[in-house]
file protein-v3.cif (mmCIF, C-alpha atoms)
data_coords
#
loop_
_atom_site.label_atom_id
_atom_site.label_comp_id
_atom_site.auth_asym_id
_atom_site.auth_seq_id
_atom_site.Cartn_x
_atom_site.Cartn_y
_atom_site.Cartn_z
CA MET A 9 29.61 15.78 23.06
CA THR A 10 26.89 17.03 25.36
CA ILE A 11 23.35 18.33 24.89
CA SER A 12 23.46 22.13 24.87
CA ALA A 13 19.89 23.09 23.92
CA ILE A 14 16.37 21.82 23.37
CA ARG A 15 14.16 23.80 21.02
CA LEU A 16 10.40 23.40 20.65
CA TYR A 17 8.35 24.31 17.57
CA HIS A 18 4.56 24.19 17.65
CA LEU A 19 3.44 23.86 14.04
CA VAL A 20 -0.05 24.39 12.59
CA ALA A 21 -0.84 23.94 8.88
CA PRO A 22 -4.38 24.96 7.83
CA LEU A 23 -6.07 22.74 5.23
CA SER A 24 -8.02 23.94 2.22
CA GLU A 25 -10.93 21.68 3.17
CA THR A 26 -12.09 19.93 6.32
CA ILE A 27 -11.49 16.17 6.38
CA GLY A 28 -11.74 13.47 9.00
CA ASN A 29 -12.75 9.99 10.02
CA ALA A 30 -15.66 8.43 11.85
CA LEU A 31 -14.38 9.84 15.15
CA VAL A 32 -13.35 13.43 14.37
CA PHE A 33 -13.09 16.09 11.64
CA PHE A 34 -10.22 18.56 11.42
CA ASP A 35 -9.32 21.61 9.34
CA ARG A 36 -5.59 21.72 10.14
CA ARG A 37 -2.55 19.56 10.75
CA GLU A 38 -0.76 20.23 14.02
CA THR A 39 2.32 18.88 15.75
CA LEU A 40 5.22 19.62 18.10
CA LEU A 41 8.71 19.27 16.65
CA VAL A 42 11.60 18.98 19.09
CA GLU A 43 15.18 19.82 18.18
CA VAL A 44 17.95 18.51 20.44
CA VAL A 45 21.25 20.33 19.83
CA ASP A 46 24.68 19.14 20.91
CA SER A 47 27.69 21.21 21.89
CA THR A 48 29.03 21.20 18.30
CA GLY A 49 25.77 22.61 16.92
CA LEU A 50 24.56 19.31 15.41
CA SER A 51 20.81 18.71 15.72
CA GLY A 52 18.47 15.75 15.99
CA TRP A 53 14.72 16.02 15.43
CA GLY A 54 11.74 14.39 17.13
CA GLU A 55 7.99 14.83 17.20
CA THR A 56 4.77 14.29 19.06
CA TRP A 57 1.48 15.31 17.50
CA ALA A 58 -1.46 14.21 19.69
CA ALA A 59 -1.27 16.98 22.33
CA PRO A 60 1.49 19.35 21.22
CA ALA A 61 0.96 22.19 23.69
CA ALA A 62 0.59 19.87 26.67
CA ALA A 63 3.64 17.82 25.68
CA ALA A 64 5.69 21.00 25.31
CA ALA A 65 4.72 22.02 28.84
CA VAL A 66 5.91 18.66 30.19
CA ILE A 67 9.22 19.01 28.34
CA GLU A 68 9.77 22.49 29.72
CA ALA A 69 8.70 21.73 33.29
CA GLN A 70 9.87 18.15 33.84
CA LEU A 71 12.23 16.75 31.21
CA ALA A 72 14.49 19.26 29.49
CA ARG A 73 16.75 20.23 32.38
CA GLY A 74 17.61 16.60 33.04
CA LEU A 75 18.97 16.26 29.49
CA LEU A 76 21.12 19.37 29.29
CA ARG A 77 24.87 18.68 29.50
CA GLN A 78 24.25 14.93 29.12
CA ASP A 79 25.89 12.73 26.48
CA PRO A 80 23.25 12.19 23.73
CA ALA A 81 24.68 8.76 22.87
CA HIS A 82 23.45 7.28 26.17
CA LEU A 83 20.00 6.59 24.80
CA GLY A 84 18.81 3.98 27.27
CA ARG A 85 19.98 5.85 30.37
CA LEU A 86 18.42 9.08 29.15
CA TRP A 87 15.12 7.33 28.36
CA HIS A 88 14.92 5.86 31.87
CA GLY A 89 15.75 9.24 33.36
CA MET A 90 13.00 10.91 31.36
CA SER A 91 10.51 8.19 32.27
CA ASP A 92 11.30 8.64 35.95
CA ALA A 93 10.95 12.43 35.61
CA ALA A 94 7.58 11.95 33.86
CA GLY A 95 6.23 10.52 37.12
CA ALA A 96 2.97 8.60 37.24
CA ASP A 97 1.74 9.76 33.82
CA THR A 98 3.42 6.92 31.92
CA GLN A 99 0.54 6.38 29.51
CA GLY A 100 -0.49 9.93 28.63
CA THR A 101 0.95 13.31 27.73
CA ALA A 102 4.21 12.80 29.61
CA MET A 103 5.05 9.71 27.57
CA MET A 104 4.35 11.69 24.38
CA ALA A 105 6.89 14.25 25.57
CA VAL A 106 9.37 11.45 26.24
CA ALA A 107 8.63 10.08 22.77
CA ALA A 108 9.51 13.34 21.02
CA LEU A 109 12.78 13.74 22.91
CA ASP A 110 13.76 10.09 22.46
CA MET A 111 13.14 10.31 18.71
CA ALA A 112 15.31 13.43 18.52
CA LEU A 113 18.07 11.78 20.57
CA HIS A 114 18.11 8.80 18.20
CA ASP A 115 18.37 11.09 15.18
CA LEU A 116 21.21 13.02 16.85
CA ALA A 117 23.04 9.85 17.93
CA ALA A 118 22.91 8.47 14.39
CA ARG A 119 24.16 11.78 12.97
CA LEU A 120 27.03 11.79 15.45
CA ARG A 121 28.00 8.30 14.24
CA GLU A 122 27.44 9.45 10.64
CA VAL A 123 25.10 6.53 9.88
CA PRO A 124 21.42 6.21 8.88
CA LEU A 125 18.99 5.79 11.75
CA SER A 126 18.27 2.24 10.56
CA VAL A 127 21.91 1.32 11.33
CA LEU A 128 21.59 2.66 14.88
CA LEU A 129 18.43 0.53 15.23
CA GLY A 130 20.30 -2.64 14.33
CA GLY A 131 20.59 -2.52 10.55
CA ALA A 132 18.16 -2.41 7.65
CA LEU A 133 16.87 -5.72 6.26
CA ARG A 134 15.57 -3.99 3.12
CA ASP A 135 16.28 -0.77 1.25
CA ARG A 136 12.65 -0.36 0.15
CA VAL A 137 9.59 -0.72 2.34
CA PRO A 138 6.08 -1.64 1.12
CA ALA A 139 3.78 1.30 1.87
CA TYR A 140 0.01 1.57 2.13
CA ALA A 141 -1.99 4.70 1.37
CA SER A 142 -3.84 5.70 4.52
CA GLY A 143 -7.06 7.27 3.23
CA PRO A 144 -9.30 8.50 1.72
CA PHE A 145 -10.71 10.64 4.50
CA PHE A 146 -14.33 11.43 5.28
CA LYS A 147 -15.79 14.68 3.93
CA PRO A 148 -18.37 16.72 5.92
CA HIS A 149 -21.57 18.35 4.61
CA GLY A 150 -22.75 15.44 2.49
CA HIS A 151 -22.11 11.74 2.17
CA PRO A 152 -18.69 11.13 3.79
CA TYR A 153 -17.72 8.52 1.18
CA ARG A 154 -18.58 10.64 -1.86
CA ASP A 155 -14.98 11.02 -3.09
CA VAL A 156 -13.54 7.69 -2.00
CA GLU A 157 -13.43 5.93 -5.37
CA ARG A 158 -11.92 8.92 -7.16
CA GLU A 159 -9.25 9.37 -4.50
CA ALA A 160 -8.49 5.65 -4.32
CA GLU A 161 -7.92 5.65 -8.08
CA GLY A 162 -5.42 8.45 -7.53
CA TYR A 163 -3.54 6.37 -4.97
CA LEU A 164 -3.29 3.49 -7.41
CA ARG A 165 -2.02 5.78 -10.17
CA ALA A 166 0.60 7.11 -7.72
CA GLY A 167 2.00 3.59 -7.35
CA PHE A 168 0.38 2.30 -4.16
CA ARG A 169 -0.49 -1.40 -4.15
CA ALA A 170 -2.14 -1.24 -0.72
CA ILE A 171 -4.85 1.05 0.71
CA LYS A 172 -6.29 1.43 4.21
CA LEU A 173 -9.81 2.89 4.07
CA ARG A 174 -11.44 5.06 6.71
CA SER A 175 -14.75 3.47 7.68
CA GLY A 176 -17.44 3.48 10.36
CA PHE A 177 -20.30 5.56 8.92
CA ARG A 178 -23.10 3.01 8.51
CA PRO A 179 -22.52 -0.74 8.05
CA ALA A 180 -24.26 -0.91 4.66
CA ASP A 181 -22.37 2.14 3.33
CA ASP A 182 -19.12 0.85 4.81
CA ALA A 183 -19.52 -2.45 3.00
CA ALA A 184 -20.50 -0.86 -0.33
CA THR A 185 -17.45 1.41 -0.22
CA ALA A 186 -15.01 -1.38 0.67
CA LEU A 187 -16.37 -3.56 -2.14
CA ALA A 188 -16.12 -0.69 -4.63
CA VAL A 189 -12.46 -0.08 -3.76
CA ARG A 190 -11.74 -3.80 -4.00
CA ARG A 191 -13.13 -3.76 -7.55
CA LEU A 192 -10.81 -0.84 -8.39
CA MET A 193 -7.78 -2.63 -6.98
CA GLY A 194 -8.48 -6.03 -8.41
CA PRO A 195 -7.80 -9.29 -6.55
CA ASP A 196 -4.06 -8.69 -6.11
CA GLY A 197 -4.21 -5.38 -4.23
CA THR A 198 -3.94 -5.28 -0.46
CA LEU A 199 -6.91 -3.67 1.30
CA MET A 200 -7.19 -2.77 4.98
CA LEU A 201 -9.88 -0.89 6.89
CA ASP A 202 -9.91 1.44 9.92
CA PHE A 203 -13.09 1.92 11.97
CA ASN A 204 -11.37 4.55 14.16
CA GLN A 205 -13.08 3.32 17.36
CA SER A 206 -16.43 4.38 15.93
CA TYR A 207 -18.59 1.32 16.60
CA THR A 208 -19.74 -0.94 19.35
CA PRO A 209 -18.32 -4.43 18.82
CA ARG A 210 -21.61 -5.78 17.42
CA ALA A 211 -21.99 -2.90 14.96
CA ALA A 212 -18.38 -3.47 13.85
CA LEU A 213 -19.18 -7.15 13.39
CA ALA A 214 -22.21 -6.36 11.22
CA ALA A 215 -20.19 -4.03 9.00
CA ALA A 216 -17.25 -6.43 8.72
CA GLU A 217 -19.45 -9.41 7.85
CA ALA A 218 -21.16 -7.42 5.07
CA MET A 219 -17.81 -6.57 3.47
CA GLY A 220 -16.46 -10.12 3.52
CA PRO A 221 -15.93 -10.31 -0.28
CA ALA A 222 -13.62 -7.25 -0.03
CA ASN A 223 -10.98 -9.65 1.33
CA LEU A 224 -9.53 -7.33 3.97
CA LEU A 225 -6.07 -7.97 5.36
CA TRP A 226 -6.89 -6.33 8.68
CA ILE A 227 -9.56 -4.33 10.49
CA GLU A 228 -8.16 -1.57 12.69
CA GLU A 229 -9.63 -0.20 15.91
CA PRO A 230 -13.05 -1.84 15.44
CA THR A 231 -14.07 -0.53 18.84
CA SER A 232 -12.62 1.35 21.82
CA PRO A 233 -8.90 0.57 22.29
CA GLN A 234 -9.62 -0.32 25.94
CA ASP A 235 -12.45 -2.74 25.09
CA LEU A 236 -10.69 -6.06 25.64
CA ALA A 237 -13.98 -7.99 25.77
CA GLY A 238 -15.08 -6.44 22.47
CA TYR A 239 -11.81 -7.32 20.75
CA ARG A 240 -12.07 -10.86 22.11
CA MET A 241 -15.62 -11.26 20.78
CA LEU A 242 -14.64 -9.96 17.33
CA ALA A 243 -11.50 -12.09 17.17
CA GLY A 244 -13.63 -15.19 17.54
CA GLN A 245 -15.93 -14.30 14.63
CA LEU A 246 -13.97 -12.34 12.01
CA ARG A 247 -11.60 -13.66 9.34
CA PRO A 248 -9.48 -10.51 8.84
CA ALA A 249 -6.76 -9.79 11.37
CA LEU A 250 -7.51 -7.29 14.14
CA ALA A 251 -5.11 -4.35 14.48
CA GLY A 252 -4.72 -1.64 17.09
CA GLY A 253 -2.60 0.09 19.68
CA GLU A 254 -1.93 3.50 18.12
CA THR A 255 -3.09 5.30 21.29
CA TYR A 256 -1.04 3.23 23.73
CA GLY A 257 1.73 4.99 25.62
CA THR A 258 3.51 1.85 26.83
CA ALA A 259 4.18 -1.70 25.68
CA ALA A 260 2.33 -3.00 28.75
CA GLN A 261 -0.98 -1.86 27.28
CA PHE A 262 -0.60 -4.35 24.42
CA LYS A 263 -0.08 -7.37 26.66
CA PRO A 264 -3.69 -8.08 27.78
CA PHE A 265 -4.78 -8.18 24.13
CA LEU A 266 -1.90 -10.47 23.22
CA ASP A 267 -2.62 -12.76 26.16
CA ALA A 268 -6.27 -12.96 25.04
CA GLY A 269 -5.25 -13.71 21.44
CA CYS A 270 -7.29 -10.82 20.03
CA MET A 271 -4.75 -8.42 18.54
CA ASP A 272 -3.00 -9.69 15.43
CA VAL A 273 -1.21 -6.54 14.16
CA LEU A 274 0.47 -4.22 16.67
CA GLN A 275 0.43 -0.52 15.75
CA PRO A 276 2.42 1.57 18.22
CA ASP A 277 3.02 5.18 17.21
CA ILE A 278 6.65 6.20 17.81
CA ALA A 279 5.48 9.74 18.63
CA ILE A 280 3.16 8.44 21.39
CA CYS A 281 4.57 5.16 22.71
CA GLY A 282 7.75 6.44 24.31
CA GLY A 283 9.73 7.02 21.12
CA LEU A 284 11.97 4.44 19.49
CA THR A 285 13.11 3.16 22.88
CA GLY A 286 9.53 2.66 24.00
CA VAL A 287 8.50 0.99 20.74
CA ALA A 288 11.49 -1.38 21.05
CA ARG A 289 9.65 -2.91 24.01
CA VAL A 290 6.62 -3.50 21.79
CA LEU A 291 8.91 -5.22 19.28
CA HIS A 292 10.08 -7.62 22.00
CA LEU A 293 6.46 -8.47 22.83
CA ALA A 294 5.67 -8.95 19.14
CA GLU A 295 8.53 -11.40 18.82
CA LEU A 296 7.41 -13.37 21.87
CA TYR A 297 3.81 -13.59 20.60
CA ASP A 298 4.77 -13.94 16.91
CA ARG A 299 2.88 -10.85 15.75
CA PRO A 300 3.82 -8.31 13.06
CA VAL A 301 4.37 -4.66 13.97
CA VAL A 302 3.12 -1.91 11.65
CA PRO A 303 3.79 1.48 13.26
CA HIS A 304 0.98 4.01 13.20
CA VAL A 305 2.20 7.16 11.44
CA TRP A 306 0.71 10.63 11.79
CA GLY A 307 2.04 14.14 12.09
CA SER A 308 4.94 15.40 10.01
CA THR A 309 7.80 14.09 7.91
CA VAL A 310 9.83 13.55 11.11
CA ASN A 311 7.59 10.79 12.48
CA PHE A 312 7.19 9.41 8.95
CA HIS A 313 10.93 8.99 8.48
CA ALA A 314 11.45 7.59 11.96
CA ALA A 315 8.86 4.91 11.13
CA LEU A 316 10.41 4.31 7.69
CA HIS A 317 13.80 3.54 9.24
CA LEU A 318 12.23 1.35 11.93
CA VAL A 319 10.15 -0.65 9.44
CA ALA A 320 13.29 -1.25 7.36
CA THR A 321 14.78 -3.15 10.32
CA LEU A 322 11.77 -5.40 11.09
CA PRO A 323 11.79 -9.07 10.10
CA ALA A 324 9.49 -10.31 7.36
CA HIS A 325 6.25 -11.83 8.59
CA ARG A 326 3.86 -13.83 6.42
CA ALA A 327 0.32 -13.05 7.50
CA GLY A 328 -1.88 -13.33 4.44
CA GLY A 329 -1.04 -10.20 2.48
CA ALA A 330 0.12 -9.98 -1.13
CA VAL A 331 3.60 -9.21 0.21
CA PRO A 332 5.02 -10.06 3.64
CA PHE A 333 4.79 -7.68 6.56
CA PRO A 334 5.98 -5.12 7.57
CA TYR A 335 4.22 -2.20 5.91
CA LEU A 336 4.71 1.56 6.22
CA GLU A 337 1.66 3.76 6.82
CA PHE A 338 1.71 6.64 4.33
CA ASP A 339 -0.72 9.46 5.19
CA ALA A 340 -2.27 10.06 1.76
CA GLY A 341 -4.42 13.03 2.73
CA PRO A 342 -3.53 16.70 2.42
CA ASN A 343 -0.68 17.37 4.83
CA PRO A 344 1.78 20.26 4.36
CA LEU A 345 3.77 18.98 7.36
CA LEU A 346 4.59 15.78 5.49
CA ASP A 347 6.03 17.92 2.70
CA LEU A 348 8.51 19.88 4.84
CA ALA A 349 11.56 18.17 3.35
CA GLY A 350 9.88 17.33 0.03
CA ARG A 351 7.01 14.89 -0.40
CA PRO A 352 8.25 11.30 0.05
CA SER A 353 7.96 9.45 -3.24
CA VAL A 354 6.34 6.09 -3.92
CA ASN A 355 8.05 3.73 -6.33
CA ALA A 356 6.17 1.95 -9.10
CA ASP A 357 6.11 -1.22 -7.01
CA GLY A 358 4.37 0.51 -4.10
CA THR A 359 7.49 0.86 -1.95
CA VAL A 360 9.28 3.81 -0.37
CA ALA A 361 13.09 3.92 -0.40
CA VAL A 362 14.92 4.12 2.92
CA PRO A 363 17.14 7.24 3.02
CA GLN A 364 20.87 6.57 3.21
CA GLY A 365 21.85 9.93 4.73
CA HIS A 366 22.78 10.35 8.36
CA GLY A 367 20.07 10.05 11.01
CA LEU A 368 16.56 10.38 9.63
CA GLY A 369 18.09 11.13 6.23
CA ILE A 370 16.29 14.45 5.87
CA ASP A 371 17.42 17.97 6.69
CA ILE A 372 15.11 20.16 8.77
CA THR A 373 15.82 23.84 9.45
CA PRO A 374 13.89 26.46 11.42
CA ALA A 375 13.45 28.41 8.18
CA MET A 376 11.54 25.47 6.67
CA LEU A 377 9.24 25.47 9.69
CA ALA A 378 8.65 29.22 9.76
CA PRO A 379 5.46 29.28 7.62
CA PHE A 380 3.77 26.92 10.11
CA THR A 381 5.37 27.93 13.42
CA VAL A 382 2.86 29.45 15.86
CA TRP A 383 5.43 29.59 18.66
CA HIS A 384 9.04 28.61 19.28
CA ARG A 385 10.81 28.17 22.60
CA ALA A 386 14.41 27.32 23.48
CA ILE A 387 15.77 25.76 26.67
CA GLY A 388 19.49 26.01 27.33
CA ASP A 389 20.45 28.37 24.49
#
call {"tool": "encode", "arguments": {"input": "protein-v3.cif", "output": "structure tokens"}}
result
Amino acid sequence: MTISAIRLYHLVAPLSETIGNALVFFDRRETLLVEVVDSTGLSGWGETWAAPAAAAAVIEAQLARGLLRQDPAHLGRLWHGMSDAAGADTQGTAMMAVAALDMALHDLAARLREVPLSVLLGGALRDRVPAYASGPFFKPHGHPYRDVEREAEGYLRAGFRAIKLRSGFRPADDAATALAVRRLMGPDGTLMLDFNQSYTPRAALAAAEAMGPANLLWIEEPTSPQDLAGYRMLAGQLRPALAGGETYGTAAQFKPFLDAGCMDVLQPDIAICGGLTGVARVLHLAELYDRPVVPHVWGSTVNFHAALHLVATLPAHRAGGAVPFPYLEFDAGPNPLLDLAGRPSVNADGTVAVPQGHGLGIDITPAMLAPFTVWHRAIGD
């Protein structure tokens, strides 16, 4: 089997209302899906969402030709070849392009072996993964937290036992909102919080101290992801774990924070951090430093299912939550791109079942993408 074509789909899904976080508001969901096709016509799917047009340009100009007519089962060799072709940009757009292709190659390799992706990744340790609802989102043109309690109640009714709040508006409002959601959940629910890089370290400290009774499992991106000194200061004064790393393009970017003892939960995004091969390097670091990995998940159902299979293979890690790590991030906001293959369902115990079909365990076709496709390009067809 050899790779015969690479197809790119830039998807945009408008939202009925603008939503956001403390850093940015958005009125659409956008991503780049990548289809890698072998000589028999079998396809594997990958994704990168942070800079879809720029990543597509890198694939077309630098990466695609080096994959054509190659054996898709040689995942490590192909990843190194793509990384070399990406050149010096190993932490930015080029690594996102590598991530999308590597994800698609893994899906294709698993389909060729006729096994779930989790088997290709070493084997699932569980057939259901604890999931947390990532939301509610800020609303513009009024108080950003005005719908949080109503939406959090909806997550609990849907079966979630864990919620990660968006935060970072004003410390007093942040604390009041976290405490209100804790009351809704009761003492047994798992509550996390994401500041989305919105505060200086001292402002994040003031907000976090005020919400102490909310009993947070972790605080995510309390300040800039490059602010090692800020993370170190917060780690010495806060009880909840500190989480981060969703913007990192390589495992090496995690190491200074691990060496300083100020990152407790590692959150690489498969669609940004070099794909499943790149994230495997983060897993090795996590094992060496005894830290749990909870992949950041954004974009479409492709990245969601890649993360679901990966999380199924990760070892259990006791770190203070109601259930052991790992967790799956479940984007609970409006997202038509998560619904492409049918909305993933949450079980009554707050878990998501790991698909047992080949590869990602979902079927994607160009016809399903058509309502959201703003452009489509093919290389090698």
call {"tool": "closest_residue", "arguments": {"input": "protein-v3.cif", "among": "A:His88, A:His82, A:Arg190, A:Arg77", "to": "A:Ala107", "atoms": "all atoms listed in the file"}}
result
A:His88
call {"tool": "resolve_selection", "arguments": {"input": "protein-v3.cif", "expression": "the PyMOL selection byres ((chain A and resi 124) around 7)", "output": "PyMOL selection string"}}
result
chain A and resi 118+123+125-128+364-369
call {"tool": "residues_around", "arguments": {"input": "protein-v3.cif", "residues": "stretch 318-328 of chain A", "least_positions_apart": "3", "cutoff": "6 Å", "atoms": "only C-alpha atoms", "output": "PDB file with C-alpha atoms, in the frame of the given file"}}
result
ATOM      1  CA  GLY A 131      20.590  -2.520  10.550  1.00  0.00           C
ATOM      2  CA  ALA A 132      18.160  -2.410   7.650  1.00  0.00           C
ATOM      3  CA  LEU A 133      16.870  -5.720   6.260  1.00  0.00           C
ATOM      4  CA  ARG A 134      15.570  -3.990   3.120  1.00  0.00           C
ATOM      5  CA  ALA A 315       8.860   4.910  11.130  1.00  0.00           C
ATOM      6  CA  PRO A 332       5.020 -10.060   3.640  1.00  0.00           C
ATOM      7  CA  PHE A 333       4.790  -7.680   6.560  1.00  0.00           C
TER       8      PHE A 333
END
call {"tool": "resolve_selection", "arguments": {"input": "protein-v3.cif", "expression": "the PyMOL selection byres ((chain A and resi 308) around 10)", "output": "VMD selection string"}}
result
chain A and resid 19 37 to 41 54 to 57 305 to 307 309 to 313 339 343 to 349
call {"tool": "resolve_selection", "arguments": {"input": "protein-v3.cif", "expression": "the PyMOL selection byres ((chain A and resi 372-381) around 8)", "output": "list of chain:residue names"}}
result
A:Tyr17, A:His18, A:Leu19, A:Val20, A:Ala21, A:Trp53, A:Leu348, A:Ala349, A:Ile370, A:Asp371, A:Val382, A:Trp383, A:His384
call {"tool": "atom_distance", "arguments": {"input": "protein-v3.cif", "atom1": "atom CA of A:Asp389", "atom2": "atom CA of A:Ala72"}}
result
12.0 Å
call {"tool": "closest_residue", "arguments": {"input": "protein-v3.cif", "among": "A:Asp235, A:Lys172, A:Asp79, A:Gly197", "to": "A:His304", "atoms": "all atoms listed in the file"}}
result
A:Lys172
call {"tool": "closest_atom_pairs", "arguments": {"input": "protein-v3.cif", "of": "stretch 283-379 of chain A", "to": "stretch 265-274 of chain A", "cutoff": "10 Å", "atoms": "only C-alpha atoms", "output": "JSON lines"}}
result
{"residue": "A:Val290", "atom": "CA", "partner": "A:Leu274", "partner_atom": "CA", "distance": 8.0}
{"residue": "A:Leu291", "atom": "CA", "partner": "A:Leu274", "partner_atom": "CA", "distance": 8.9}
{"residue": "A:Leu293", "atom": "CA", "partner": "A:Leu266", "partner_atom": "CA", "distance": 8.6}
{"residue": "A:Ala294", "atom": "CA", "partner": "A:Leu274", "partner_atom": "CA", "distance": 7.5}
{"residue": "A:Leu296", "atom": "CA", "partner": "A:Leu266", "partner_atom": "CA", "distance": 9.8}
{"residue": "A:Tyr297", "atom": "CA", "partner": "A:Leu266", "partner_atom": "CA", "distance": 7.0}
{"residue": "A:Asp298", "atom": "CA", "partner": "A:Asp272", "partner_atom": "CA", "distance": 9.0}
{"residue": "A:Arg299", "atom": "CA", "partner": "A:Asp272", "partner_atom": "CA", "distance": 6.0}
{"residue": "A:Pro300", "atom": "CA", "partner": "A:Val273", "partner_atom": "CA", "distance": 5.4}
{"residue": "A:Val301", "atom": "CA", "partner": "A:Leu274", "partner_atom": "CA", "distance": 4.8}
{"residue": "A:Val302", "atom": "CA", "partner": "A:Leu274", "partner_atom": "CA", "distance": 6.1}
{"residue": "A:Pro303", "atom": "CA", "partner": "A:Leu274", "partner_atom": "CA", "distance": 7.4}
{"residue": "A:His304", "atom": "CA", "partner": "A:Leu274", "partner_atom": "CA", "distance": 8.9}
{"residue": "A:Ala327", "atom": "CA", "partner": "A:Asp272", "partner_atom": "CA", "distance": 9.2}
{"residue": "A:Phe333", "atom": "CA", "partner": "A:Val273", "partner_atom": "CA", "distance": 9.7}
{"residue": "A:Pro334", "atom": "CA", "partner": "A:Val273", "partner_atom": "CA", "distance": 9.9}
call {"tool": "residues_near_point", "arguments": {"input": "protein-v3.cif", "point": "(5.1, 7.6, -2.6)", "cutoff": "9 Å", "atoms": "only C-alpha atoms", "output": "PyMOL selection string"}}
result
chain A and resi 139+141+166-168+338+340+351-356+358-360
call {"tool": "residues_around", "arguments": {"input": "protein-v3.cif", "residues": "A:Leu109", "least_positions_apart": "5", "cutoff": "10 Å", "atoms": "all atoms listed in the file", "output": "CSV table (one decimal) with C-alpha atoms, keeping the file's coordinate frame"}}
result
chain,number,residue,atom,x,y,z
A,14,ILE,CA,16.4,21.8,23.4
A,41,LEU,CA,8.7,19.3,16.6
A,42,VAL,CA,11.6,19.0,19.1
A,43,GLU,CA,15.2,19.8,18.2
A,44,VAL,CA,18.0,18.5,20.4
A,52,GLY,CA,18.5,15.8,16.0
A,53,TRP,CA,14.7,16.0,15.4
A,54,GLY,CA,11.7,14.4,17.1
A,55,GLU,CA,8.0,14.8,17.2
A,56,THR,CA,4.8,14.3,19.1
A,67,ILE,CA,9.2,19.0,28.3
A,71,LEU,CA,12.2,16.8,31.2
A,72,ALA,CA,14.5,19.3,29.5
A,75,LEU,CA,19.0,16.3,29.5
A,86,LEU,CA,18.4,9.1,29.2
A,87,TRP,CA,15.1,7.3,28.4
A,90,MET,CA,13.0,10.9,31.4
A,103,MET,CA,5.0,9.7,27.6
A,104,MET,CA,4.4,11.7,24.4
A,114,HIS,CA,18.1,8.8,18.2
A,115,ASP,CA,18.4,11.1,15.2
A,279,ALA,CA,5.5,9.7,18.6
A,282,GLY,CA,7.8,6.4,24.3
A,283,GLY,CA,9.7,7.0,21.1
A,284,LEU,CA,12.0,4.4,19.5
